[in-house]
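A.B. asks: What follows is the file input.txt, containing compact mmCIF, C-alpha atoms:
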```
# COMPACT_ATOMS: atom_id res chain seq x y z
CA MET A 21 17.21 9.28 -12.14
CA ARG A 22 19.69 6.42 -12.36
CA ALA A 23 18.66 3.27 -14.21
CA GLU A 24 18.72 0.06 -12.18
CA ALA A 25 19.82 -3.21 -13.70
CA GLY A 26 17.07 -5.74 -14.06
CA PRO A 27 14.76 -7.42 -16.54
CA GLY A 28 14.09 -5.23 -19.50
CA SER A 29 16.78 -2.66 -18.62
CA PRO A 30 18.30 -0.89 -21.61
CA THR A 31 21.87 -1.68 -22.54
CA GLY A 32 22.74 1.85 -23.54
CA SER A 33 22.52 5.20 -21.86
CA PRO A 34 18.92 6.06 -20.90
CA THR A 35 17.33 8.92 -22.77
CA GLY A 36 14.30 10.38 -21.08
CA PRO A 37 12.13 8.82 -18.38
CA LEU A 38 12.47 5.02 -18.32
CA ILE A 39 10.84 2.41 -16.11
CA ALA A 40 14.31 0.97 -15.45
CA ALA A 41 15.05 4.04 -13.30
CA PRO A 42 13.68 3.29 -9.80
CA GLY A 43 12.35 6.81 -9.28
CA TRP A 44 10.35 6.90 -12.51
CA ARG A 45 9.28 3.28 -12.05
CA TYR A 46 7.81 3.83 -8.60
CA ALA A 47 6.25 7.16 -9.58
CA LEU A 48 4.49 5.56 -12.55
CA ILE A 49 3.35 2.48 -10.62
CA ALA A 50 2.07 4.64 -7.77
CA ALA A 51 0.16 6.91 -10.16
CA LEU A 52 -1.45 4.06 -12.12
CA TYR A 53 -2.63 2.35 -8.95
CA ALA A 54 -3.68 5.61 -7.30
CA HIS A 55 -6.07 6.17 -10.20
CA GLN A 56 -7.33 2.62 -9.89
CA GLY A 57 -7.83 3.22 -6.15
CA LEU A 58 -9.59 6.55 -6.70
CA VAL A 59 -12.13 4.83 -8.94
CA ALA A 60 -12.51 2.00 -6.42
CA GLY A 61 -12.98 4.44 -3.55
CA PHE A 62 -15.78 6.06 -5.50
CA ALA A 63 -17.45 2.88 -6.80
CA LEU A 64 -16.97 0.56 -3.81
CA THR A 65 -17.06 2.87 -0.79
CA ALA A 66 -18.61 6.28 -1.49
CA VAL A 67 -21.37 5.01 -3.80
CA PRO A 68 -22.48 2.09 -1.54
CA ASN A 69 -22.49 4.30 1.56
CA HIS A 70 -24.31 7.11 -0.26
CA PHE A 71 -27.00 4.79 -1.58
CA ALA A 72 -27.31 3.04 1.79
CA SER A 73 -28.22 6.46 3.20
CA LEU A 74 -30.83 6.77 0.42
CA GLY A 75 -32.45 3.51 1.53
CA ALA A 76 -30.88 0.88 -0.73
CA THR A 77 -30.90 -2.61 0.81
CA THR A 78 -27.89 -4.81 1.56
CA GLY A 79 -28.89 -7.01 -1.38
CA GLU A 80 -29.04 -4.07 -3.79
CA ILE A 81 -25.70 -2.73 -2.63
CA GLY A 82 -24.20 -6.21 -2.73
CA ALA A 83 -25.42 -6.59 -6.33
CA HIS A 84 -23.71 -3.28 -7.19
CA VAL A 85 -20.43 -4.36 -5.62
CA ALA A 86 -20.62 -7.74 -7.37
CA THR A 87 -21.31 -6.03 -10.72
CA VAL A 88 -18.35 -3.68 -10.26
CA GLY A 89 -16.11 -6.65 -9.45
CA LEU A 90 -17.33 -8.98 -12.20
CA PRO A 91 -14.90 -7.77 -14.92
CA TRP A 92 -11.99 -8.48 -12.59
CA ILE A 93 -13.02 -12.12 -12.35
CA LEU A 94 -12.70 -12.30 -16.14
CA GLN A 95 -9.31 -10.56 -16.09
CA PRO A 96 -7.36 -13.68 -17.20
CA LEU A 97 -9.03 -13.39 -20.62
CA TRP A 98 -6.87 -10.31 -21.22
CA GLY A 99 -3.65 -12.12 -20.32
CA PRO A 100 -3.19 -14.03 -23.61
CA VAL A 101 -3.99 -10.85 -25.57
CA VAL A 102 -1.31 -8.86 -23.74
CA ASP A 103 1.22 -11.71 -23.91
CA ARG A 104 0.54 -12.57 -27.57
CA TYR A 105 0.41 -9.06 -29.02
CA GLY A 106 3.38 -7.46 -27.31
CA GLY A 107 5.18 -6.46 -30.48
CA SER A 108 4.45 -2.72 -30.45
CA ALA A 109 7.21 -0.22 -31.17
CA MET A 110 5.99 1.58 -28.03
CA GLY A 111 7.11 -1.31 -25.81
CA ARG A 112 5.93 -4.81 -25.00
CA ARG A 113 3.42 -3.71 -22.35
CA ARG A 114 3.24 0.08 -22.60
CA PHE A 115 1.01 0.12 -25.68
CA TRP A 116 -1.65 -1.87 -23.84
CA VAL A 117 -1.40 0.28 -20.70
CA LEU A 118 -1.96 3.46 -22.72
CA ALA A 119 -4.74 2.02 -24.88
CA ALA A 120 -6.63 0.47 -21.97
CA LEU A 121 -6.34 3.55 -19.76
CA THR A 122 -7.63 5.78 -22.56
CA ALA A 123 -10.58 3.47 -23.26
CA SER A 124 -11.46 3.14 -19.57
CA LEU A 125 -11.60 6.93 -19.22
CA LEU A 126 -13.95 7.12 -22.20
CA ALA A 127 -16.18 4.50 -20.55
CA LEU A 128 -16.09 6.39 -17.27
CA SER A 129 -17.31 9.53 -19.02
CA ARG A 130 -20.66 7.74 -19.46
CA LEU A 131 -21.38 8.71 -15.83
CA LEU A 132 -21.97 12.23 -17.12
CA LEU A 133 -25.09 10.95 -18.88
CA VAL A 134 -26.56 9.04 -15.92
CA GLU A 135 -29.66 10.76 -14.59
CA GLU A 136 -29.41 11.48 -10.86
CA ALA A 137 -32.65 9.91 -9.63
CA GLY A 138 -31.90 8.86 -6.05
CA ALA A 139 -31.58 5.16 -5.25
CA ALA A 140 -33.06 4.29 -8.66
CA ALA A 141 -29.82 5.45 -10.33
CA LEU A 142 -27.71 2.68 -8.76
CA PRO A 143 -28.20 0.05 -11.53
CA ALA A 144 -27.16 2.58 -14.22
CA ILE A 145 -24.01 3.44 -12.26
CA SER A 146 -23.26 -0.27 -11.87
CA ALA A 147 -23.56 -0.75 -15.64
CA VAL A 148 -21.03 2.03 -16.30
CA PHE A 149 -18.53 0.42 -13.96
CA LEU A 150 -19.12 -2.98 -15.53
CA LEU A 151 -17.71 -1.65 -18.83
CA GLN A 152 -15.10 0.59 -17.21
CA GLY A 153 -13.95 -2.32 -15.07
CA ALA A 154 -13.40 -4.57 -18.08
CA LEU A 155 -11.07 -1.97 -19.61
CA ALA A 156 -9.41 -1.22 -16.28
CA ALA A 157 -8.75 -4.97 -15.91
CA LEU A 158 -6.90 -4.89 -19.26
CA ASN A 159 -4.89 -1.92 -18.00
CA ASP A 160 -4.10 -3.76 -14.77
CA THR A 161 -3.04 -6.91 -16.63
CA ALA A 162 -0.65 -4.95 -18.83
CA THR A 163 0.71 -3.02 -15.84
CA ASP A 164 1.36 -6.23 -13.90
CA GLY A 165 3.16 -7.66 -16.93
CA MET A 166 5.25 -4.49 -17.15
CA ILE A 167 6.23 -4.87 -13.49
CA ILE A 168 7.12 -8.55 -13.87
CA ASP A 169 9.19 -7.83 -17.00
CA ASN A 170 11.07 -4.82 -15.67
CA VAL A 171 11.45 -5.11 -11.88
CA PRO A 172 14.31 -7.25 -10.47
CA PRO A 173 12.92 -10.22 -8.46
CA GLU A 174 14.58 -9.02 -5.27
CA ARG A 175 12.65 -5.73 -5.54
CA LEU A 176 9.18 -7.19 -6.15
CA GLY A 177 8.17 -6.79 -2.51
CA THR A 178 8.94 -3.09 -2.64
CA ALA A 179 7.26 -2.70 -6.03
CA ASN A 180 4.07 -4.36 -4.78
CA ALA A 181 4.17 -2.24 -1.63
CA VAL A 182 4.15 0.80 -3.93
CA THR A 183 1.20 -0.61 -5.88
CA ARG A 184 -0.69 -1.14 -2.64
CA THR A 185 0.30 2.28 -1.32
CA GLY A 186 -0.89 3.94 -4.53
CA PHE A 187 -4.12 1.97 -4.63
CA VAL A 188 -5.01 2.47 -0.98
CA THR A 189 -4.05 6.14 -1.00
CA GLY A 190 -6.23 6.65 -4.06
CA GLY A 191 -9.00 4.57 -2.49
CA ALA A 192 -8.87 6.56 0.75
CA ALA A 193 -8.88 9.85 -1.15
CA GLY A 194 -11.74 8.66 -3.33
CA ALA A 195 -13.81 7.43 -0.38
CA ALA A 196 -13.38 10.65 1.58
CA LEU A 197 -13.63 13.09 -1.33
CA PHE A 198 -16.63 11.53 -3.04
CA ALA A 199 -18.44 10.87 0.23
CA TRP A 200 -18.60 14.66 0.45
CA MET A 201 -19.02 15.40 -3.26
CA LEU A 202 -21.87 12.98 -4.03
CA PRO A 203 -24.43 14.55 -1.66
CA ALA A 204 -23.01 18.08 -1.99
CA HIS A 205 -22.31 18.39 -5.73
CA GLY A 206 -23.77 15.28 -7.32
CA LEU A 207 -22.66 12.45 -9.58
CA HIS A 208 -21.58 14.50 -12.59
CA ALA A 209 -19.14 16.73 -10.67
CA SER A 210 -17.65 13.61 -9.07
CA ALA A 211 -17.20 12.00 -12.50
CA LEU A 212 -15.34 15.08 -13.78
CA VAL A 213 -12.85 14.78 -10.91
CA LEU A 214 -12.26 11.10 -11.73
CA LEU A 215 -11.68 11.94 -15.40
CA GLY A 216 -9.33 14.83 -14.61
CA PHE A 217 -7.03 12.73 -12.43
CA GLY A 218 -7.08 9.90 -14.97
CA GLY A 219 -5.93 12.32 -17.66
CA LEU A 220 -2.89 13.30 -15.56
CA VAL A 221 -1.94 9.64 -15.08
CA LEU A 222 -2.32 9.05 -18.81
CA ALA A 223 0.12 11.90 -19.48
CA LEU A 224 2.71 10.35 -17.12
CA GLN A 225 2.47 6.96 -18.81
CA PHE A 226 2.93 8.71 -22.14
CA LEU A 227 6.28 10.07 -20.87
CA VAL A 228 7.74 6.97 -19.17
CA ARG A 229 8.90 4.22 -21.56
CA GLU A 230 9.99 0.63 -21.02
CA GLY A 231 13.19 0.93 -23.09
CA ALA A 232 15.36 3.74 -24.46
CA GLY A 233 14.61 2.65 -28.04
CA ASP A 234 10.83 2.55 -27.64
CA ALA A 235 8.70 5.00 -29.59
CA ARG A 236 6.87 7.62 -27.56
CA LEU A 237 3.68 7.15 -29.59
CA SER A 238 3.37 4.84 -32.56
CA LEU A 239 1.09 2.23 -34.07
CA ARG A 240 3.99 0.44 -35.76
CA ARG A 241 5.02 -3.07 -34.74
CA ASP A 242 8.54 -4.00 -33.74
CA PRO A 243 9.51 -7.02 -35.93
CA ALA A 244 11.91 -8.43 -33.31
CA ARG A 245 9.35 -8.28 -30.52
CA ALA A 246 6.58 -9.62 -32.76
CA ALA A 247 8.73 -12.59 -33.80
CA ALA A 248 9.58 -13.39 -30.17
CA GLY A 249 5.92 -13.53 -29.13
CA GLU A 250 4.32 -16.93 -28.69
CA GLY A 251 1.06 -17.88 -30.36
CA PHE A 252 -2.22 -18.37 -28.55
CA GLY A 253 -1.88 -22.14 -28.85
CA THR A 254 1.50 -22.20 -27.14
CA LEU A 255 0.36 -19.83 -24.40
CA LEU A 256 -2.74 -21.91 -23.80
CA ARG A 257 -0.75 -25.15 -23.61
CA ARG A 258 1.64 -23.59 -21.10
CA LEU A 259 -1.25 -22.37 -18.98
CA LEU A 260 -3.10 -25.69 -19.07
CA ALA A 261 0.09 -27.56 -18.19
CA SER A 262 0.50 -25.40 -15.06
CA LEU A 263 -3.13 -25.97 -14.08
CA ARG A 264 -2.76 -29.74 -14.30
CA GLY A 265 -0.28 -29.68 -11.43
CA GLY A 266 -1.58 -29.71 -7.88
CA ALA A 267 0.17 -26.53 -6.74
CA THR A 268 -1.45 -23.99 -9.06
CA PRO A 269 -5.12 -24.92 -8.43
CA LEU A 270 -4.47 -24.97 -4.68
CA LEU A 271 -2.79 -21.58 -4.80
CA LEU A 272 -5.78 -20.26 -6.76
CA ALA A 273 -8.12 -21.60 -4.05
CA PHE A 274 -5.89 -20.04 -1.39
CA CYS A 275 -6.14 -16.63 -3.11
CA PHE A 276 -9.93 -16.97 -3.44
CA ALA A 277 -10.38 -17.83 0.23
CA THR A 278 -8.42 -14.84 1.56
CA ASP A 279 -10.57 -12.24 -0.21
CA PHE A 280 -13.81 -14.17 0.33
CA ALA A 281 -13.28 -14.19 4.10
CA ALA A 282 -12.66 -10.44 4.15
CA ALA A 283 -15.56 -9.43 1.88
CA ILE A 284 -18.34 -11.51 3.43
CA PHE A 285 -18.01 -9.56 6.69
CA ARG A 286 -16.80 -6.13 5.55
CA LEU A 287 -19.74 -5.21 3.29
CA PRO A 288 -22.69 -6.01 5.63
CA LEU A 289 -20.86 -4.39 8.54
CA GLY A 290 -20.79 -1.08 6.66
CA VAL A 291 -24.54 -1.30 5.97
CA GLU A 292 -25.17 -2.21 9.61
CA LEU A 293 -23.31 0.86 10.84
CA ILE A 294 -25.37 3.20 8.64
CA GLN A 295 -28.81 1.64 8.93
CA ALA A 296 -28.78 0.27 12.50
CA ARG A 297 -26.02 1.98 14.50
CA GLY A 298 -26.55 5.62 13.62
CA TRP A 299 -23.55 6.37 11.41
CA GLU A 300 -23.85 8.88 8.57
CA ALA A 301 -22.62 7.70 5.18
CA GLU A 302 -20.10 10.54 4.87
CA ALA A 303 -18.68 9.91 8.34
CA LEU A 304 -18.31 6.19 7.66
CA SER A 305 -16.57 6.83 4.34
CA ARG A 306 -14.11 9.20 6.06
CA PHE A 307 -13.45 6.60 8.75
CA GLN A 308 -12.82 3.87 6.16
CA ALA A 309 -10.63 6.23 4.16
CA GLY A 310 -8.52 7.09 7.18
CA MET A 311 -8.05 3.46 8.18
CA GLY A 312 -7.17 2.52 4.61
CA LEU A 313 -4.73 5.39 4.23
CA VAL A 314 -2.69 4.43 7.27
CA THR A 315 -2.50 0.74 6.40
CA GLY A 316 -1.93 1.35 2.70
CA THR A 317 1.00 3.73 3.12
CA VAL A 318 3.12 3.11 6.21
CA GLY A 319 1.74 -0.41 6.68
CA ALA A 320 2.16 -1.51 3.06
CA LEU A 321 5.70 -0.15 2.75
CA ALA A 322 6.69 -1.85 6.00
CA ILE A 323 5.20 -5.19 4.89
CA GLY A 324 6.88 -4.87 1.47
CA TRP A 325 10.27 -4.23 3.11
CA TRP A 326 9.75 -7.15 5.49
CA THR A 327 8.59 -9.51 2.71
CA ASP A 328 11.73 -8.81 0.61
CA ARG A 329 13.86 -9.79 3.60
CA ALA A 330 11.92 -12.52 5.42
CA GLY A 331 10.23 -14.10 2.39
CA PRO A 332 6.53 -14.28 1.44
CA LYS A 333 5.87 -17.54 3.32
CA ARG A 334 6.72 -16.15 6.75
CA ALA A 335 4.99 -12.83 6.13
CA LEU A 336 1.79 -14.46 4.86
CA ALA A 337 1.52 -16.89 7.77
CA ALA A 338 1.88 -14.06 10.29
CA LEU A 339 -0.61 -11.77 8.54
CA LEU A 340 -3.21 -14.52 8.12
CA GLY A 341 -3.01 -15.30 11.83
CA LEU A 342 -3.47 -11.63 12.71
CA CYS A 343 -6.44 -11.40 10.30
CA GLY A 344 -8.03 -14.38 12.00
CA GLY A 345 -7.63 -12.86 15.44
CA ALA A 346 -8.95 -9.48 14.25
CA HIS A 347 -12.11 -10.96 12.69
CA LEU A 348 -12.81 -13.17 15.70
CA LEU A 349 -12.50 -10.16 17.99
CA ALA A 350 -14.66 -8.05 15.64
CA GLY A 351 -17.42 -10.67 15.64
CA ALA A 352 -17.25 -10.94 19.44
CA LEU A 353 -17.50 -7.16 19.85
CA LEU A 354 -20.77 -7.08 17.94
CA LEU A 355 -22.24 -9.56 20.42
CA VAL A 356 -21.75 -7.16 23.34
CA PRO A 357 -25.27 -6.13 24.48
CA GLU A 358 -24.22 -3.24 26.71
CA PRO A 359 -25.67 -0.02 25.14
CA ARG A 360 -22.70 2.09 26.22
CA TRP A 361 -20.40 -0.07 24.10
CA ALA A 362 -22.76 -0.57 21.15
CA ALA A 363 -21.82 2.73 19.45
CA LEU A 364 -18.09 1.94 19.70
CA ALA A 365 -18.25 -1.77 18.92
CA GLY A 366 -19.24 -1.29 15.26
CA PRO A 367 -16.44 1.12 14.25
CA LEU A 368 -13.87 -0.87 16.22
CA ALA A 369 -15.03 -4.07 14.51
CA LEU A 370 -14.79 -2.34 11.14
CA GLY A 371 -11.25 -1.17 11.86
CA LEU A 372 -10.13 -4.62 12.98
CA SER A 373 -11.59 -6.31 9.89
CA THR A 374 -10.29 -3.72 7.41
CA VAL A 375 -6.68 -3.00 8.35
CA LEU A 376 -4.94 -6.36 8.12
CA PRO A 377 -6.68 -7.91 5.06
CA ALA A 378 -5.52 -4.91 3.03
CA LEU A 379 -1.90 -5.86 3.77
CA LEU A 380 -2.18 -9.52 2.75
CA PHE A 381 -1.80 -8.68 -0.94
CA VAL A 382 1.58 -7.01 -0.34
CA ALA A 383 3.00 -10.30 0.92
CA LEU A 384 1.12 -12.57 -1.50
CA ALA A 385 1.80 -10.74 -4.78
CA PRO A 386 5.63 -11.15 -4.86
CA ALA A 387 5.29 -14.92 -4.50
CA VAL A 388 2.70 -15.07 -7.27
CA MET A 389 4.78 -12.82 -9.54
CA ARG A 390 7.84 -15.07 -9.14
CA ALA A 391 5.67 -18.05 -10.03
CA SER A 392 4.42 -16.18 -13.11
CA LEU A 393 7.78 -15.34 -14.73
CA GLY A 394 8.10 -16.33 -18.40
CA PRO A 395 6.49 -15.64 -21.78
CA ALA A 396 2.98 -16.04 -20.34
CA ALA A 397 3.65 -13.85 -17.28
CA ALA A 398 0.65 -11.56 -17.74
CA THR A 399 -1.70 -14.50 -18.30
CA ARG A 400 -0.58 -16.47 -15.23
CA PHE A 401 -0.54 -13.48 -12.89
CA ALA A 402 -3.96 -12.33 -14.12
CA LEU A 403 -5.32 -15.77 -13.28
CA PHE A 404 -4.24 -15.42 -9.66
CA MET A 405 -5.58 -11.89 -9.48
CA ALA A 406 -8.89 -13.14 -10.85
CA ALA A 407 -9.06 -15.69 -8.03
CA LEU A 408 -8.61 -12.88 -5.51
CA ASN A 409 -11.27 -10.75 -7.21
CA MET A 410 -13.62 -13.70 -7.50
CA GLY A 411 -13.31 -14.25 -3.77
CA ASP A 412 -14.16 -10.59 -3.13
CA VAL A 413 -17.14 -10.66 -5.50
CA ALA A 414 -18.43 -13.97 -4.15
CA GLY A 415 -18.14 -12.77 -0.56
CA SER A 416 -19.97 -9.54 -1.39
CA ALA A 417 -22.68 -11.38 -3.34
CA VAL A 418 -23.55 -13.84 -0.55
CA ALA A 419 -23.02 -11.44 2.36
CA GLY A 420 -26.67 -10.36 2.53
CA ASP A 421 -27.97 -13.94 2.57
CA ALA A 422 -25.35 -15.02 5.12
CA VAL A 423 -26.30 -12.22 7.52
CA ALA A 424 -30.01 -12.94 7.06
CA TRP A 425 -29.36 -16.62 7.81
CA ILE A 426 -27.06 -16.54 10.85
CA GLY A 427 -26.63 -12.85 11.78
CA LEU A 428 -23.72 -10.44 11.45
CA PRO A 429 -21.61 -11.44 14.50
CA PRO A 430 -21.51 -15.15 13.52
CA VAL A 431 -20.44 -14.13 9.99
CA GLY A 432 -17.49 -12.27 11.53
CA LEU A 433 -16.61 -15.27 13.69
CA ALA A 434 -16.81 -17.59 10.66
CA ALA A 435 -14.56 -15.30 8.60
CA GLY A 436 -12.05 -15.22 11.46
CA SER A 437 -12.10 -19.01 11.68
CA LEU A 438 -11.36 -19.30 7.96
CA PHE A 439 -8.38 -16.94 8.31
CA VAL A 440 -7.10 -19.03 11.24
CA LEU A 441 -7.32 -22.20 9.13
CA LEU A 442 -5.40 -20.51 6.31
CA ALA A 443 -2.76 -19.34 8.80
CA LEU A 444 -2.35 -22.87 10.19
CA PHE A 445 -2.08 -24.23 6.66
CA SER A 446 0.65 -21.68 5.91
CA ALA A 447 2.57 -22.16 9.16
CA THR A 448 2.67 -25.96 8.83
CA GLY A 449 4.32 -26.00 5.42
CA GLY A 450 1.28 -25.71 3.18
CA LEU A 451 2.62 -22.67 1.36
CA ARG A 452 5.86 -24.48 0.59
CA ARG A 453 3.86 -27.21 -1.14
CA LEU A 454 2.20 -24.47 -3.20
CA GLY A 455 5.58 -23.21 -4.38
CA VAL A 456 5.75 -20.17 -2.04
CA SER A 457 9.24 -19.80 -0.58
```
When written as structure tokens, how does the structure in this file appear?

C.D. replies:
Amino acid sequence: MRAEAGPGSPTGSPTGPLIAAPGWRYALIAALYAHQGLVAGFALTAVPNHFASLGATTGEIGAHVATVGLPWILQPLWGPVVDRYGGSAMGRRRFWVLAALTASLLALSRLLLVEEAGAAALPAISAVFLLQGALAALNDTATDGMIIDNVPPERLGTANAVTRTGFVTGGAAGAALFAWMLPAHGLHASALVLLGFGGLVLALQFLVREGAGDARLSLRRDPARAAAGEGFGTLLRRLLASLRGGATPLLLAFCFATDFAAAIFRLPLGVELIQARGWEAEALSRFQAGMGLVTGTVGALAIGWWTDRAGPKRALAALLGLCGGAHLLAGALLLVPEPRWAALAGPLALGLSTVLPALLFVALAPAVMRASLGPAAATRFALFMAALNMGDVAGSAVAGDAVAWIGLPPVGLAAGSLFVLLALFSATGGLRRLGVS
């Protein structure tokens, strides 16, 4: 596979698989995010649906989802570690990717010791994913830094489309596979599948290096890389300086709002379909997997191609407007009292509120990555990702109370209204003021 010129490309002839070669780069990125998606499909779709069928309440399931997402809110804490200690002979980011992936698989193996005791097992499963998520967040931070360092800016849209495609494909596979495996074969068999796929991804990362001179496996430090690294004090000053400006805090709030609006409606709608509209957990997981697979493959690649050509600002404004319309229509569908339509309204509402929000990240990430370039790239990008994850966790955490207070259809209408406001903000030049071009 031919090496492509760009940040971090080797000056000599490549020897062995290198991330500078587009084929190896996209294969590695897709595999890393497919594993992340497989775990997410298990933890955030199959497990909630399975335990909803066992009688768990919206509040209990919301607490599980919030617990799983909590480590991702704290993801920026890993950024200075990855940026500061990038002097490994294995490559500036690759050491951290390998170490974090290995540790997260060890944490995931704790599922093999969880006693399968019906709905009572949910808190123990949540605790496993709390630890696994913290290590997976380190892996994600290092992977994002590796992408920023090694992918040419004009290819970031495509690279992020591949990340989304890998994640959503893994998530769809995880949701569908484990929806069947959990009731049929149990938690321990499902955990073994997760660990087996993670081991294959670990082997691929072991093969693909950042530079031709990087060691395949070594604990040695590279003196040149170590000397070029900035101290924690410098990294912190750079980060605080960026936060003092008006653009960065507003962009963080923008990221938070997009995922909050999606999560506050998506989670209670799934519980509603199982507990009030007659859907089986396995059937719902398959439906969600299918919707996610289509949007995360063909849809994500199309949005990535379009974003590289039209620019993130135009793509984001259009997608936010479509998300607003989809959520408003979804909320309105749930208000239809006609019994003949009631069985169809829920799944249609779920499809409308799931497809487009999944594509927002493909258009948003390239803009954030360009804004994150520099010595503290991993730290800055992790901060924006944490804002997205915090929005998802916050939306999931308050979803049960919001539905109890005003009902599910009004929650959908409110989420749609928030998306419309964000779209208007974007279309009237707000994104330009946030540094998105």

A.B. asks: Set out as JSON lines a contact list for segment 299-353 of chain A and segment 41-63 of chain A with a cut-off of 10 Å, giving each residue of segment 299-353 of chain A that qualifies its closest atom pair and distance in Å to one decimal, counting all atoms listed in the file, ordered by chain and rising residue number.

C.D. replies:
```
{"residue": "A:Ser305", "atom": "CA", "partner": "A:Gly61", "partner_atom": "CA", "distance": 9.0}
{"residue": "A:Gln308", "atom": "CA", "partner": "A:Gly61", "partner_atom": "CA", "distance": 9.7}
{"residue": "A:Ala309", "atom": "CA", "partner": "A:Gly61", "partner_atom": "CA", "distance": 8.3}
```

A.B. asks: For the residues in that selection, give me C-alpha atoms as a short mmCIF file (atom, residue, chain, number, x, y, z; two decimals), keeping the file's coordinate frame.

C.D. replies:
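Saved result, again_26.cif, follows:
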```
data_model
loop_
_atom_site.label_atom_id
_atom_site.label_comp_id
_atom_site.auth_asym_id
_atom_site.auth_seq_id
_atom_site.Cartn_x
_atom_site.Cartn_y
_atom_site.Cartn_z
CA SER A 305 -16.57 6.83 4.34
CA GLN A 308 -12.82 3.87 6.16
CA ALA A 309 -10.63 6.23 4.16
#
```

A.B. asks: For Gly233 of chain A, which residue out of A:Ala109, A:Ala414, A:Leu372, A:Leu155 is the nearest one, using all atoms listed in the file?

C.D. replies: A:Ala109

A.B. asks: Please report the interatomic distance between atom CA of Ala127 of chain A and atom CA of Gln152 of chain A in Å with one decimal.

C.D. replies: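 Answer for the atom CA of Ala127 of chain A to atom CA of Gln152 of chain A separation: 5.3 Å.
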
A.B. asks: What separation in Å, quoted to one decimal, exists between atom CA of Gly341 of chain A and atom CA of Val440 of chain A?

C.D. replies: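 The value is 5.6 Å.
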
A.B. asks: Excluding same-chain residues fewer than 5 positions from Thr185 of chain A, what lies within 9 Å of it counting all atoms listed in the file, as a PDB file with C-alpha atoms, keeping the file's coordinate frame?

C.D. replies:
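Saved file out22.pdb follows:
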```pdb
ATOM      1  CA  ALA A  50       2.070   4.640  -7.770  1.00  0.00           C
ATOM      2  CA  TYR A  53      -2.630   2.350  -8.950  1.00  0.00           C
ATOM      3  CA  ALA A  54      -3.680   5.610  -7.300  1.00  0.00           C
ATOM      4  CA  ASN A 180       4.070  -4.360  -4.780  1.00  0.00           C
ATOM      5  CA  GLY A 190      -6.230   6.650  -4.060  1.00  0.00           C
ATOM      6  CA  LEU A 313      -4.730   5.390   4.230  1.00  0.00           C
ATOM      7  CA  THR A 315      -2.500   0.740   6.400  1.00  0.00           C
ATOM      8  CA  GLY A 316      -1.930   1.350   2.700  1.00  0.00           C
ATOM      9  CA  THR A 317       1.000   3.730   3.120  1.00  0.00           C
ATOM     10  CA  VAL A 318       3.120   3.110   6.210  1.00  0.00           C
ATOM     11  CA  GLY A 319       1.740  -0.410   6.680  1.00  0.00           C
ATOM     12  CA  ALA A 320       2.160  -1.510   3.060  1.00  0.00           C
ATOM     13  CA  LEU A 321       5.700  -0.150   2.750  1.00  0.00           C
TER      14      LEU A 321
END
```

A.B. asks: Using only C-alpha atoms, find the one residue out of A:Ala281, A:Gly111, A:Ala40, A:Leu270 that sits nearest to Pro172 of chain A.

C.D. replies: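 Closest to Pro172 of chain A, using only C-alpha atoms: A:Ala40.
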
A.B. asks: Counting only C-alpha atoms, which residues sit no farther than 7 Å from the position (-23.1, 12.3, -16.1) in the file's frame? I'd like them as a list in words.

C.D. replies: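 These residues have at least one counted atom within 7 Å: Arg130, Leu131, Leu132, Leu133, Val134, Glu135, Leu207, His208 and Ala211 of chain A.
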
A.B. asks: Which of these residues is nearest to Ala144 of chain A, using all atoms listed in the file: A:His84, A:Arg184, A:Arg297, A:Lys333?

C.D. replies: A:His84

A.B. asks: Excluding same-chain residues fewer than 5 positions from Leu176 of chain A, what lies within 9 Å of it counting only C-alpha atoms, as a PyMOL selection string?

C.D. replies: chain A and resi 167-168+171+181+324+328+385-387+389-390

A.B. asks: Of the residues A:Gly194, A:Gly99, A:Leu353, A:Ala232, which is the one nearest to Pro430 of chain A, using all atoms listed in the file?

C.D. replies: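 Result for the nearest residue to Pro430 of chain A: A:Leu353.
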
A.B. asks: Which residue is closest to Gly153 of chain A? Choose from A:Thr78, A:Thr268, A:Thr65, A:Thr87 and count only C-alpha atoms.

C.D. replies: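 That would be A:Thr87, the residue with the smallest distance to Gly153 of chain A.
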
A.B. asks: Using atom CA of Val67 of chain A and atom CA of Ala195 of chain A as the two end points, give the distance in Å to one decimal.

C.D. replies: 8.6 Å

A.B. asks: Which one is closest to Ala337 of chain A: A:Ser238, A:Thr278, A:Asn170, A:Asn159? Count all atoms listed in the file.

C.D. replies: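 Using all atoms listed in the file, the shortest distance to Ala337 of chain A belongs to A:Thr278.
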
A.B. asks: Let me know the centre plus edge lengths, in Å and rounded to one decimal, of a box with edges along x, y and z that contains all listed atoms of segment 417-430 of chain A and is padded by 3 Å on every side, as lines of an AutoDock Vina configuration file.

C.D. replies:
```
center_x = -25.8
center_y = -13.5
center_z = 5.6
size_x = 14.5
size_y = 12.3
size_z = 23.8
```
